[in-house]
Amino acid sequence: MNNGELSPAERFALAKSKAKAPSIDSFLKLLSFPLDDFQERSCRALAAGKGVLVAAPTGAGKTIVGEFAIHLAIEKDLKVFYTTPIKALSNQKYAELVKRYGAERVGLLTGDTNQNSDAQIVVMTTEVLRNMIYANSNSLISLGYVVMDEVHYLADRFRGAVWEEVILHLPKDVKLVSLSATVSNAEEFGAWLDEVRGDTEIIVSEIRPVPLNQHVLFGDEMIELFDEGDRDVRVNPELAQMHASKMRQPINRPQRGKRQSFYDQPRGREARIERISKPRIVDILDEADLLPAIFFIFSRAGCEAAVKACQSSTVRLTTTEEKQEIRRIVEAKCYNIADEDLATLGYFDWLSALEKGVAAHHAGMLPAFKDVVEELFLRKLVKVVFATETLALGINMPARTVVLERLDKFNGEGRVQITPGEYTQLTGRAGRRGIDTQGHSVIQWSANMDPNNVAGLASKRTYPLVSPFRPTYNMAVNLIEAFGRDRAREVLETSFAQFQADRSVVGLAKGIREKQVSLDGYAKAMECHRGDFAEYASMRREISDLERSLAAGRVRAERGKDLRQSKGRHLQEQRLNQLKRDMRAHACHSCADREAHARWGERWFKLQRELEGILNQIEGRTNQVAKTFDRICDMLDDLKYIEFDGEDYEVLEAGKTLARIYGERDLLISECLREGVWNKLDPASLAAMAAALVYEARRDEEWEPRLPKGEFVQAIETTQEIWSDLEELSREHKLRHSNPLDLSLALPIHRWASGARLDTVLDSADLLAGDFIRWTKQIIDLLDQIVQTAGPELAEVAKNAVDKVKRGIVAYSYYG
């Protein structure tokens with residue numbers, strides 16, 4: 001990162017000495033409103049040369065702090081990177097900054113897009129910045145500030161590690177501006193940032209810029225959730241009384257001879273309550289002047305059904321002029337979509353709903369359609385959006401009202417209650433700053449919705465930020481190449497995951513001291529004057545365990561499910577009989593106080609087991625990240641990706657390839673490239689292989705998918721064999737396992753890359769257009785990595801595969 005003259009720290013100090021004193025006043029002249037207290041405190045901390053962590057509710061104006069960092073970078077003639085977790089947010093922020101600073105001063109890097117990447121201000125996804133750091137990019141020269149928007153994504157199970165990698169590996173002289181949703185452990189996260197990044201100010205605000213008024217829709221009557229006149233914030237007594245009264249009503253029994261469906265049957269004391277329709281709720285909100293509104297419905301099918309219900313109802317939310325404006329915007333945005341694809345994409349029904357002022361918004365929609373819905377909603381042309389929770393993740397789409405049809409959702413296995421953090425995130429969309437004096441949340445009442453539980457959910461504003469960080473194979477070779485093994489290990493030990501683990505060990509260690517005192521007391525109480533009662537108690541416990549095991553074996557045998565061999569049972573019975581003889585012969589067996597001693601012995605054994613569990617926890621948490629890194633290094637050494645040269649690990653040629661492959665299956669892909677497994681594949685088959693490597697079905701599939709014919713069959717069999725071998729090796733090294741390859745998208749992608757029509761492919765893939773686009777983007781990303789890492793012949797095939805996949809609606813979604 002050195003330009004051959006001055007180090008980054010020296011250049012930063014020189015620029016700082018030449019720059020005029022940072023002026024918040026000059027920044028305020030760019031704004032049309034005064035700063036809130038938390039914004040001003042954050043800006044002053046930045047102006048004083050500190051990093052900042054700003055945790056505040058959705059819509060509170062955190063990004064103003066990021067924009068002040070841009071202002072400071074311009075004053076100091078330094079670069080500034082603005083990172084976001086998703087491409088849609090990057091595109092949105094890029095458009096905002098271009099308006100303010102001009103296109104020549106702002107760049108955009110999202111993997112798909114590379115615009116003006118050498119600009120002074122560059123907006124990018126967090127992964128792009130991580131890759132730049134590992135590549136030691138020249139773009140990092142003169143970098144003064146990095147804004148990490150939505151930094152609470154660090155808790156994301158799949159992508160969170162990227163945020164920690166960036167925070168740990170950015171040059172130390174770069175000031176970090178971390179913008180987060182309100183989290184309950186902001187101080188803990190800030191303390192870690194202060195430790196790894198230097199002087200960091202923690203600024204937390206829990207004040208919503210627009211107050212939230214919370215209601216329950218009881219039938220078609222809107223009731224306040226909280227008692228407004230109560231200082232202690234308690235449930236509205238009227239609502240509690242109405243709920244209790246409704247629950248006491250007798251359940252209507254079906255008429256004689258009329259069969260009751262499963263869904264009509266009462267659950268416990270629940271009376272069957274009729275829920276009013278979505279069109280009726282829209283009318284109620286319209287009459288109460290509570291539009292525009294976002295309805296959060298936790299299923300895509302539910303969103304689409306709600307739109308159809310509004311279309312077939314009398315709901316009309318737009319004027320003739322607004323309909324014309326909607327049609328004009330839609331046609332301008334979608335003119336590049338091929339006519340043959342419009343019907344497949346549901347374009348005409350979608351447009352008809354938009355003209356009535358209603359729309360759906362979910363991940364299964366074509367990205368272009370979602371963009372149009374967002375724009376029309378911001379322009380107040382669409383008044384009602386039925387959305388899944390993905391809309392709550394950062395997109396700038398505030399409404400006057402947020403409606404929740406229920407407070408539980410399906411998590412893939414069963415229905416679970418939404419968390420206080422999720423509730424806060426969803427209702428954070430309610431209230432448009434500068435437009436509304438109040439935001440409104442409306443929860444549709446149902447019989448299983450206790451108002452007190454809802455109030456508890458609504459009154460908790462925070463959720464914890466927990467790190468899922470773990471080293472990966474790709475990360476390991478990059479760290480070794482950049483720092484060497486020992487330094488890399490030290491860096492990993494400073495991760496937030498280890499920081500949290502170490503703090504938890506302090507609490508566990510305190511528990512050990514307390515339990516040890518009790519354990520000593522129990523040991524004293526079970527002492528016997530006749531002999532070693534601990535030894536005697538151990539026999540009794542083993543006898544008890546063996547009797548339970550043998551009893552369970554007999555039950556399994558009766559059910560035909562006993563997998564234990566009879567020889568094993570016989571050995572257990574022999575051991576049991578011997579123990580009973582030894583116990584009766586033991587000196588303590590004849591003690592008059594035997595049972596009293598035994599009760600203390602049981603307490604001792606129970607506490608001892610708890611103590612061992614805590615010790616195992618401490619062992620597991622101490623240096624856990626570095627231990628995982630060590631195991632990965634051992635496995636990579638076995639596979640000849642790295643080699644110990646007597647002093648440190650050297651990254652071998654295969655390791656240099658692995659360093660440029662990012663994703664869940666980095667090592668498998670690297671192994672297949674090294675073995676030449678895919679060298680005989682044509683472009684369509686290579687695209688199908690990429691689909692098998694990235695795709696994960698939303699639900700477990702029971703059927704055996706059909707596969708492309710030809711060379712693909714042998715290639716996928718060999719790929720699966722390598723995956724199996726790697727799984728076995730990872731188990732030997734005590735590393736986490738990966739899921740088997742999912743082949744269900746391979747044939748549809750092969751057909752798409754071979755020129756098949758969109759409707760045929762979507763039908764065979766059983767995917768919505770938006771899901772298809774999302775997976776093709778991941779497939780293209782992997783193919784691009786193969787272009788950069790494979791030998792010349794396979795790289796050329798991969799390049800052709802990208803061209804064959806990136807056509808039609810896929811190309812439109814990239815460039816449209």
# chains A, B, ... in the order shown; residues from 1 in each chain; ligands from 1
>>> select_by_dssp(residues="stretch 130-251 of chain A", states="helix (DSSP H, G or I)", output="number ranges by chain")
A: 130-134, 138-140, 151-155, 160-169, 186-197, 237-248
>>> residues_around(residues="A:Arg41", least_positions_apart="4", cutoff="12 Å", atoms="only C-alpha atoms", output="list in words")
Ile24, Leu35, Asp36, Asp37, Ala45, Leu46, Ala47, Ala48, Lys50, Val52, Leu53, Val54, Lys62, Ile64, Val65, Phe68, Glu201, Ile202, Ile203, Val204 and Ser205 of chain A
>>> atom_distance(atom1="atom CA of A:Asp759", atom2="atom CA of A:Ile809")
11.2 Å
>>> closest_atom_pairs(of="stretch 347-416 of chain A", to="stretch 429-444 of chain A", cutoff="9 Å", atoms="only C-alpha atoms", output="Markdown table")
| residue | atom | partner | partner_atom | distance |
| --- | --- | --- | --- | --- |
| A:Ala392 | CA | A:Arg429 | CA | 7.1 |
| A:Asn396 | CA | A:Arg429 | CA | 8.6 |
| A:Met397 | CA | A:Arg429 | CA | 7.0 |
| A:Pro398 | CA | A:Arg429 | CA | 4.7 |
| A:Ala399 | CA | A:Ala430 | CA | 5.1 |
| A:Arg400 | CA | A:Gly431 | CA | 4.7 |
| A:Thr401 | CA | A:His440 | CA | 4.6 |
| A:Val402 | CA | A:Ser441 | CA | 4.8 |
| A:Val403 | CA | A:Val442 | CA | 4.6 |
| A:Leu404 | CA | A:Ile443 | CA | 4.9 |
| A:Glu405 | CA | A:Gln444 | CA | 5.1 |
| A:Arg406 | CA | A:Gln444 | CA | 6.5 |
| A:Leu407 | CA | A:Ile443 | CA | 8.1 |
>>> residues_around(residues="stretch 337-351 of chain A", least_positions_apart="5", cutoff="8 Å", atoms="only C-alpha atoms", output="short mmCIF file (atom, residue, chain, number, x, y, z; two decimals) with N, CA and C atoms, in the first residue's frame")
data_model
loop_
_atom_site.label_atom_id
_atom_site.label_comp_id
_atom_site.auth_asym_id
_atom_site.auth_seq_id
_atom_site.Cartn_x
_atom_site.Cartn_y
_atom_site.Cartn_z
N ARG A 327 -48.24 4.63 -15.45
CA ARG A 327 -48.02 3.91 -16.70
C ARG A 327 -46.80 4.47 -17.43
N VAL A 330 -43.64 3.19 -15.61
CA VAL A 330 -43.46 1.75 -15.80
C VAL A 330 -42.95 1.46 -17.21
N ALA A 359 -49.37 -2.71 -4.62
CA ALA A 359 -48.29 -3.52 -5.19
C ALA A 359 -47.77 -4.49 -4.15
N LEU A 366 -39.15 -9.79 -10.05
CA LEU A 366 -38.06 -9.30 -10.90
C LEU A 366 -37.48 -8.03 -10.24
N LEU A 758 -37.69 -18.17 -21.39
CA LEU A 758 -37.80 -17.89 -19.96
C LEU A 758 -38.92 -18.69 -19.31
N ASP A 759 -40.11 -18.74 -19.95
CA ASP A 759 -41.24 -19.44 -19.32
C ASP A 759 -40.94 -20.92 -19.12
N ALA A 769 -39.46 -15.30 -10.91
CA ALA A 769 -38.46 -14.58 -11.71
C ALA A 769 -37.36 -13.97 -10.85
N GLY A 808 -31.12 -11.96 -22.20
CA GLY A 808 -32.53 -11.73 -21.95
C GLY A 808 -32.77 -10.98 -20.66
N ILE A 809 -33.68 -11.51 -19.84
CA ILE A 809 -34.07 -10.83 -18.61
C ILE A 809 -32.93 -10.77 -17.61
N TYR A 812 -30.88 -7.84 -18.69
CA TYR A 812 -31.65 -6.63 -18.37
C TYR A 812 -31.52 -6.29 -16.89
#
>>> residues_around(residues="A:Val477", least_positions_apart="5", cutoff="12 Å", atoms="only C-alpha atoms", output="compact mmCIF listing (two decimals) with all heavy atoms, in the first residue's frame")
# COMPACT_ATOMS: atom_id res chain seq x y z
N TYR A 134 -7.44 -7.63 0.63
CA TYR A 134 -6.62 -8.82 0.44
C TYR A 134 -5.72 -8.70 -0.79
O TYR A 134 -4.62 -9.26 -0.83
CB TYR A 134 -7.50 -10.05 0.31
CG TYR A 134 -8.01 -10.60 1.64
CD1 TYR A 134 -9.20 -11.29 1.71
CD2 TYR A 134 -7.28 -10.42 2.81
CE1 TYR A 134 -9.67 -11.80 2.93
CE2 TYR A 134 -7.72 -10.92 4.02
CZ TYR A 134 -8.92 -11.60 4.07
OH TYR A 134 -9.36 -12.11 5.27
N PRO A 471 -13.06 -18.51 10.70
CA PRO A 471 -12.13 -18.52 9.56
C PRO A 471 -12.61 -19.47 8.47
O PRO A 471 -13.27 -20.48 8.75
CB PRO A 471 -10.82 -19.02 10.18
CG PRO A 471 -10.98 -18.88 11.64
CD PRO A 471 -12.44 -19.01 11.93
N THR A 472 -12.30 -19.15 7.23
CA THR A 472 -12.59 -20.03 6.09
C THR A 472 -11.27 -20.40 5.43
O THR A 472 -10.21 -19.85 5.74
CB THR A 472 -13.49 -19.31 5.07
OG1 THR A 472 -12.76 -18.20 4.51
CG2 THR A 472 -14.77 -18.81 5.71
N ALA A 482 -0.67 -12.52 3.47
CA ALA A 482 -0.51 -11.11 3.83
C ALA A 482 0.33 -10.92 5.09
O ALA A 482 1.11 -9.97 5.18
CB ALA A 482 -1.89 -10.48 4.03
N PHE A 483 0.16 -11.81 6.09
CA PHE A 483 0.77 -11.55 7.40
C PHE A 483 1.69 -12.65 7.90
O PHE A 483 2.47 -12.43 8.84
CB PHE A 483 -0.34 -11.38 8.46
CG PHE A 483 -1.34 -10.33 8.14
CD1 PHE A 483 -2.67 -10.66 7.92
CD2 PHE A 483 -0.98 -8.99 8.05
CE1 PHE A 483 -3.62 -9.70 7.62
CE2 PHE A 483 -1.91 -8.02 7.76
CZ PHE A 483 -3.24 -8.37 7.54
N GLY A 484 1.63 -13.85 7.33
CA GLY A 484 2.30 -14.99 7.94
C GLY A 484 1.40 -15.61 9.00
O GLY A 484 0.47 -14.98 9.49
N ARG A 485 1.69 -16.86 9.37
CA ARG A 485 0.78 -17.61 10.24
C ARG A 485 0.64 -16.99 11.62
O ARG A 485 -0.48 -16.80 12.12
CB ARG A 485 1.27 -19.05 10.39
CG ARG A 485 0.41 -19.90 11.31
CD ARG A 485 1.00 -21.30 11.50
NE ARG A 485 0.20 -22.09 12.42
CZ ARG A 485 0.30 -22.02 13.74
NH1 ARG A 485 1.16 -21.16 14.29
NH2 ARG A 485 -0.46 -22.78 14.52
N ALA A 488 -1.22 -13.71 11.54
CA ALA A 488 -2.62 -13.98 11.18
C ALA A 488 -3.39 -14.51 12.38
O ALA A 488 -4.52 -14.12 12.64
CB ALA A 488 -2.69 -14.98 10.04
N ARG A 489 -2.74 -15.38 13.13
CA ARG A 489 -3.37 -15.95 14.32
C ARG A 489 -3.68 -14.86 15.34
O ARG A 489 -4.74 -14.84 15.97
CB ARG A 489 -2.43 -16.99 14.92
CG ARG A 489 -3.10 -18.09 15.70
CD ARG A 489 -2.07 -19.14 16.11
NE ARG A 489 -2.71 -20.25 16.79
CZ ARG A 489 -3.06 -20.23 18.06
NH1 ARG A 489 -2.82 -19.16 18.79
NH2 ARG A 489 -3.65 -21.28 18.62
N PHE A 629 -8.56 -21.79 13.04
CA PHE A 629 -7.57 -21.40 12.04
C PHE A 629 -6.44 -22.43 11.98
O PHE A 629 -6.00 -22.83 10.89
CB PHE A 629 -7.02 -20.02 12.38
CG PHE A 629 -5.89 -19.55 11.50
CD1 PHE A 629 -6.12 -19.20 10.17
CD2 PHE A 629 -4.60 -19.45 12.00
CE1 PHE A 629 -5.07 -18.77 9.36
CE2 PHE A 629 -3.55 -19.03 11.20
CZ PHE A 629 -3.80 -18.69 9.88
N ASP A 630 -5.96 -22.90 13.15
CA ASP A 630 -4.90 -23.91 13.19
C ASP A 630 -5.33 -25.19 12.49
O ASP A 630 -4.56 -25.80 11.73
CB ASP A 630 -4.51 -24.22 14.64
CG ASP A 630 -3.78 -23.07 15.31
OD1 ASP A 630 -3.25 -22.20 14.57
OD2 ASP A 630 -3.73 -23.03 16.55
N ILE A 632 -7.63 -25.49 10.17
CA ILE A 632 -7.71 -25.23 8.73
C ILE A 632 -6.32 -25.27 8.11
O ILE A 632 -6.12 -25.84 7.03
CB ILE A 632 -8.40 -23.87 8.48
CG1 ILE A 632 -9.91 -23.99 8.74
CG2 ILE A 632 -8.16 -23.38 7.05
CD1 ILE A 632 -10.66 -22.67 8.66
N CYS A 633 -5.35 -24.66 8.80
CA CYS A 633 -3.97 -24.68 8.28
C CYS A 633 -3.44 -26.11 8.16
O CYS A 633 -2.79 -26.46 7.17
CB CYS A 633 -3.05 -23.85 9.18
SG CYS A 633 -3.32 -22.07 9.05
N ASP A 634 -3.73 -26.94 9.17
CA ASP A 634 -3.29 -28.34 9.12
C ASP A 634 -3.90 -29.06 7.92
O ASP A 634 -3.22 -29.81 7.21
CB ASP A 634 -3.69 -29.07 10.41
CG ASP A 634 -2.88 -28.62 11.61
OD1 ASP A 634 -1.81 -28.00 11.40
OD2 ASP A 634 -3.32 -28.87 12.75
N MET A 635 -5.19 -28.79 7.67
CA MET A 635 -5.87 -29.46 6.55
C MET A 635 -5.31 -28.95 5.22
O MET A 635 -5.07 -29.74 4.28
CB MET A 635 -7.37 -29.21 6.64
CG MET A 635 -8.17 -29.91 5.55
SD MET A 635 -9.91 -29.99 5.98
CE MET A 635 -10.62 -30.33 4.37
N LEU A 636 -5.08 -27.64 5.12
CA LEU A 636 -4.53 -27.08 3.88
C LEU A 636 -3.10 -27.56 3.65
O LEU A 636 -2.67 -27.73 2.50
CB LEU A 636 -4.57 -25.55 3.93
CG LEU A 636 -5.97 -24.91 3.88
CD1 LEU A 636 -5.87 -23.40 4.05
CD2 LEU A 636 -6.68 -25.25 2.57
N ASP A 637 -2.37 -27.80 4.73
CA ASP A 637 -1.03 -28.37 4.62
C ASP A 637 -1.11 -29.80 4.08
O ASP A 637 -0.34 -30.18 3.18
CB ASP A 637 -0.37 -28.35 6.00
CG ASP A 637 1.13 -28.64 5.93
OD1 ASP A 637 1.65 -28.80 4.80
OD2 ASP A 637 1.78 -28.70 6.98
N LYS A 640 -1.65 -29.69 0.44
CA LYS A 640 -0.59 -29.01 -0.30
C LYS A 640 -1.04 -27.67 -0.90
O LYS A 640 -0.64 -27.31 -2.00
CB LYS A 640 -0.02 -29.91 -1.42
CG LYS A 640 0.54 -31.23 -0.93
CD LYS A 640 1.62 -31.01 0.13
CE LYS A 640 2.17 -32.33 0.67
NZ LYS A 640 3.08 -32.10 1.83
N TYR A 641 -1.82 -26.95 -0.13
CA TYR A 641 -2.14 -25.56 -0.49
C TYR A 641 -1.14 -24.61 0.17
O TYR A 641 -0.87 -23.54 -0.33
CB TYR A 641 -3.56 -25.19 -0.05
CG TYR A 641 -4.62 -25.72 -0.97
CD1 TYR A 641 -5.15 -26.99 -0.79
CD2 TYR A 641 -5.08 -24.97 -2.04
CE1 TYR A 641 -6.11 -27.50 -1.65
CE2 TYR A 641 -6.04 -25.45 -2.91
CZ TYR A 641 -6.56 -26.72 -2.71
OH TYR A 641 -7.50 -27.22 -3.56
N ILE A 642 -0.65 -25.04 1.32
CA ILE A 642 0.40 -24.30 2.02
C ILE A 642 1.45 -25.31 2.46
O ILE A 642 1.19 -26.52 2.52
CB ILE A 642 -0.15 -23.51 3.23
CG1 ILE A 642 -0.86 -24.46 4.21
CG2 ILE A 642 -1.08 -22.40 2.79
CD1 ILE A 642 -1.39 -23.78 5.47
N GLU A 643 2.63 -24.81 2.78
CA GLU A 643 3.73 -25.71 3.18
C GLU A 643 4.60 -25.00 4.21
O GLU A 643 4.91 -23.82 4.05
CB GLU A 643 4.55 -26.10 1.96
CG GLU A 643 5.62 -27.14 2.23
CD GLU A 643 6.33 -27.56 0.95
OE1 GLU A 643 7.05 -26.70 0.37
OE2 GLU A 643 6.14 -28.70 0.51
N TYR A 649 4.53 -20.71 7.23
CA TYR A 649 3.85 -21.33 6.10
C TYR A 649 4.08 -20.52 4.83
O TYR A 649 4.07 -19.29 4.85
CB TYR A 649 2.34 -21.42 6.35
CG TYR A 649 1.93 -22.60 7.20
CD1 TYR A 649 1.36 -22.40 8.45
CD2 TYR A 649 2.09 -23.90 6.74
CE1 TYR A 649 0.96 -23.47 9.24
CE2 TYR A 649 1.70 -24.98 7.53
CZ TYR A 649 1.14 -24.76 8.77
OH TYR A 649 0.75 -25.83 9.54
N GLU A 650 4.31 -21.23 3.73
CA GLU A 650 4.39 -20.61 2.41
C GLU A 650 3.14 -21.00 1.63
O GLU A 650 2.72 -22.15 1.66
CB GLU A 650 5.64 -21.10 1.67
CG GLU A 650 5.75 -20.56 0.26
CD GLU A 650 6.86 -21.24 -0.53
OE1 GLU A 650 7.57 -22.11 0.04
OE2 GLU A 650 6.99 -20.94 -1.74
N VAL A 651 2.52 -20.03 0.97
CA VAL A 651 1.33 -20.31 0.16
C VAL A 651 1.80 -20.85 -1.19
O VAL A 651 2.52 -20.17 -1.93
CB VAL A 651 0.48 -19.05 -0.03
CG1 VAL A 651 -0.72 -19.34 -0.94
CG2 VAL A 651 -0.01 -18.53 1.32
N LEU A 652 1.40 -22.07 -1.51
CA LEU A 652 1.80 -22.70 -2.77
C LEU A 652 0.90 -22.25 -3.91
O LEU A 652 -0.04 -21.48 -3.72
CB LEU A 652 1.75 -24.23 -2.62
CG LEU A 652 2.61 -24.80 -1.46
CD1 LEU A 652 2.43 -26.31 -1.36
CD2 LEU A 652 4.08 -24.44 -1.66
N GLU A 653 1.19 -22.73 -5.12
CA GLU A 653 0.44 -22.28 -6.31
C GLU A 653 -1.06 -22.55 -6.16
O GLU A 653 -1.88 -21.71 -6.50
CB GLU A 653 0.99 -22.97 -7.56
CG GLU A 653 0.62 -22.29 -8.87
CD GLU A 653 1.13 -20.84 -8.91
OE1 GLU A 653 2.26 -20.56 -8.45
OE2 GLU A 653 0.34 -19.98 -9.41
N ALA A 654 -1.41 -23.74 -5.65
CA ALA A 654 -2.83 -24.05 -5.46
C ALA A 654 -3.46 -23.10 -4.45
O ALA A 654 -4.63 -22.72 -4.58
CB ALA A 654 -2.98 -25.50 -4.99
N GLY A 655 -2.68 -22.71 -3.44
CA GLY A 655 -3.18 -21.77 -2.44
C GLY A 655 -3.45 -20.40 -3.02
O GLY A 655 -4.39 -19.71 -2.62
N LYS A 656 -2.62 -19.99 -3.99
CA LYS A 656 -2.83 -18.69 -4.63
C LYS A 656 -4.14 -18.69 -5.43
O LYS A 656 -4.81 -17.67 -5.55
CB LYS A 656 -1.64 -18.34 -5.53
CG LYS A 656 -0.34 -18.14 -4.77
CD LYS A 656 0.81 -17.79 -5.71
CE LYS A 656 2.16 -17.79 -4.99
NZ LYS A 656 2.25 -16.84 -3.88
N THR A 657 -4.49 -19.85 -5.99
CA THR A 657 -5.78 -19.98 -6.67
C THR A 657 -6.92 -19.90 -5.65
O THR A 657 -7.89 -19.17 -5.84
CB THR A 657 -5.87 -21.32 -7.42
OG1 THR A 657 -4.84 -21.36 -8.42
CG2 THR A 657 -7.23 -21.49 -8.09
N LEU A 658 -6.79 -20.64 -4.56
CA LEU A 658 -7.81 -20.64 -3.51
C LEU A 658 -8.03 -19.23 -2.96
O LEU A 658 -9.16 -18.87 -2.60
CB LEU A 658 -7.39 -21.60 -2.40
CG LEU A 658 -8.28 -21.69 -1.16
CD1 LEU A 658 -9.71 -22.10 -1.53
CD2 LEU A 658 -7.69 -22.67 -0.14
N ALA A 659 -6.99 -18.44 -2.89
CA ALA A 659 -7.09 -17.08 -2.34
C ALA A 659 -8.02 -16.19 -3.16
O ALA A 659 -8.50 -15.17 -2.67
CB ALA A 659 -5.70 -16.44 -2.26
N ARG A 660 -8.28 -16.58 -4.42
CA ARG A 660 -9.12 -15.74 -5.30
C ARG A 660 -10.51 -16.35 -5.49
O ARG A 660 -11.26 -15.90 -6.37
CB ARG A 660 -8.43 -15.55 -6.63
CG ARG A 660 -7.18 -14.65 -6.54
CD ARG A 660 -6.51 -14.51 -7.89
NE ARG A 660 -5.86 -15.75 -8.30
CZ ARG A 660 -5.52 -16.03 -9.56
NH1 ARG A 660 -5.79 -15.17 -10.53
NH2 ARG A 660 -4.93 -17.17 -9.86
N ILE A 661 -10.86 -17.35 -4.68
CA ILE A 661 -12.18 -17.99 -4.79
C ILE A 661 -12.94 -17.72 -3.49
O ILE A 661 -12.52 -18.15 -2.41
CB ILE A 661 -12.06 -19.51 -5.03
CG1 ILE A 661 -11.33 -19.75 -6.34
CG2 ILE A 661 -13.43 -20.17 -5.04
CD1 ILE A 661 -10.96 -21.20 -6.57
N TYR A 662 -14.05 -16.99 -3.60
CA TYR A 662 -14.83 -16.61 -2.44
C TYR A 662 -16.17 -17.32 -2.47
O TYR A 662 -16.82 -17.39 -3.51
CB TYR A 662 -15.06 -15.09 -2.42
CG TYR A 662 -13.78 -14.30 -2.32
CD1 TYR A 662 -13.13 -13.83 -3.46
CD2 TYR A 662 -13.21 -14.04 -1.08
CE1 TYR A 662 -11.95 -13.13 -3.36
CE2 TYR A 662 -12.02 -13.33 -0.98
CZ TYR A 662 -11.40 -12.87 -2.13
OH TYR A 662 -10.22 -12.17 -2.02
N ASP A 666 -15.43 -22.73 -1.36
CA ASP A 666 -14.15 -22.29 -1.91
C ASP A 666 -13.16 -23.44 -2.11
O ASP A 666 -12.54 -23.56 -3.18
CB ASP A 666 -13.54 -21.19 -1.02
CG ASP A 666 -13.52 -21.54 0.46
OD1 ASP A 666 -13.86 -22.69 0.82
OD2 ASP A 666 -13.15 -20.67 1.28
N LEU A 667 -13.02 -24.31 -1.11
CA LEU A 667 -12.03 -25.39 -1.21
C LEU A 667 -12.44 -26.44 -2.25
O LEU A 667 -11.59 -26.93 -3.01
CB LEU A 667 -11.83 -26.05 0.16
CG LEU A 667 -10.73 -27.11 0.25
CD1 LEU A 667 -9.37 -26.53 -0.15
CD2 LEU A 667 -10.66 -27.71 1.66
>>> residues_around(residues="A:Val235", least_positions_apart="5", cutoff="9 Å", atoms="only C-alpha atoms", output="number ranges by chain")
A: 224-227, 240, 451-452, 455
>>> residues_around(residues="A:Tyr695", least_positions_apart="4", cutoff="7 Å", atoms="only C-alpha atoms", output="mmCIF file with all heavy atoms, in the first residue's frame")
data_model
loop_
_atom_site.group_PDB
_atom_site.id
_atom_site.type_symbol
_atom_site.label_atom_id
_atom_site.label_comp_id
_atom_site.auth_asym_id
_atom_site.auth_seq_id
_atom_site.Cartn_x
_atom_site.Cartn_y
_atom_site.Cartn_z
ATOM 1 N N ALA A 691 -24.295 -23.835 -11.042
ATOM 2 C CA ALA A 691 -25.593 -23.853 -10.368
ATOM 3 C C ALA A 691 -25.595 -24.881 -9.239
ATOM 4 O O ALA A 691 -26.105 -24.620 -8.136
ATOM 5 C CB ALA A 691 -26.708 -24.159 -11.372
ATOM 6 N N ASP A 742 -26.739 -29.410 -4.201
ATOM 7 C CA ASP A 742 -28.139 -29.441 -4.614
ATOM 8 C C ASP A 742 -28.171 -29.324 -6.143
ATOM 9 O O ASP A 742 -27.790 -28.299 -6.706
ATOM 10 C CB ASP A 742 -28.896 -28.266 -3.972
ATOM 11 C CG ASP A 742 -30.397 -28.354 -4.173
ATOM 12 O OD1 ASP A 742 -30.820 -28.846 -5.234
ATOM 13 O OD2 ASP A 742 -31.146 -27.918 -3.282
ATOM 14 N N LEU A 745 -31.214 -27.228 -9.705
ATOM 15 C CA LEU A 745 -31.214 -26.101 -10.644
ATOM 16 C C LEU A 745 -30.287 -26.345 -11.838
ATOM 17 O O LEU A 745 -30.254 -25.547 -12.780
ATOM 18 C CB LEU A 745 -30.797 -24.814 -9.910
ATOM 19 C CG LEU A 745 -31.017 -23.489 -10.651
ATOM 20 C CD1 LEU A 745 -32.474 -23.277 -11.038
ATOM 21 C CD2 LEU A 745 -30.511 -22.316 -9.812
ATOM 22 N N TRP A 775 -30.267 -16.212 -8.343
ATOM 23 C CA TRP A 775 -29.358 -17.358 -8.477
ATOM 24 C C TRP A 775 -28.450 -17.222 -9.702
ATOM 25 O O TRP A 775 -27.269 -17.591 -9.639
ATOM 26 C CB TRP A 775 -30.152 -18.661 -8.544
ATOM 27 C CG TRP A 775 -30.756 -19.044 -7.221
ATOM 28 C CD1 TRP A 775 -32.075 -19.149 -6.907
ATOM 29 C CD2 TRP A 775 -30.049 -19.343 -6.013
ATOM 30 N NE1 TRP A 775 -32.241 -19.499 -5.590
ATOM 31 C CE2 TRP A 775 -31.010 -19.640 -5.020
ATOM 32 C CE3 TRP A 775 -28.702 -19.419 -5.676
ATOM 33 C CZ2 TRP A 775 -30.672 -19.980 -3.714
ATOM 34 C CZ3 TRP A 775 -28.360 -19.757 -4.365
ATOM 35 C CH2 TRP A 775 -29.328 -20.031 -3.413
#
>>> atom_distance(atom1="atom CA of A:His152", atom2="atom CA of A:Phe295")
24.3 Å
>>> closest_residue(among="A:Val216, A:Tyr82, A:Val177, A:Lys29", to="A:Ser42", atoms="only C-alpha atoms")
A:Val177
>>> closest_residue(among="A:Ser23, A:Gln624, A:Asn800, A:Ser299", to="A:Phe496", atoms="only C-alpha atoms")
A:Gln624
>>> closest_residue(among="A:Asp682, A:Glu389, A:Glu304, A:Glu96", to="A:Lys804", atoms="only C-alpha atoms")
A:Asp682
>>> residues_around(residues="A:Tyr94", least_positions_apart="6", cutoff="8 Å", atoms="only C-alpha atoms", output="PDB file with C-alpha atoms, in the first residue's frame")
ATOM      1  CA  VAL A 106     -18.389   9.612  -7.188  1.00  0.00           C
ATOM      2  CA  GLY A 107     -17.748   5.977  -8.166  1.00  0.00           C
ATOM      3  CA  LEU A 108     -19.654   2.718  -7.760  1.00  0.00           C
ATOM      4  CA  VAL A 123     -19.754   3.509  -2.960  1.00  0.00           C
TER       5      VAL A 123
END
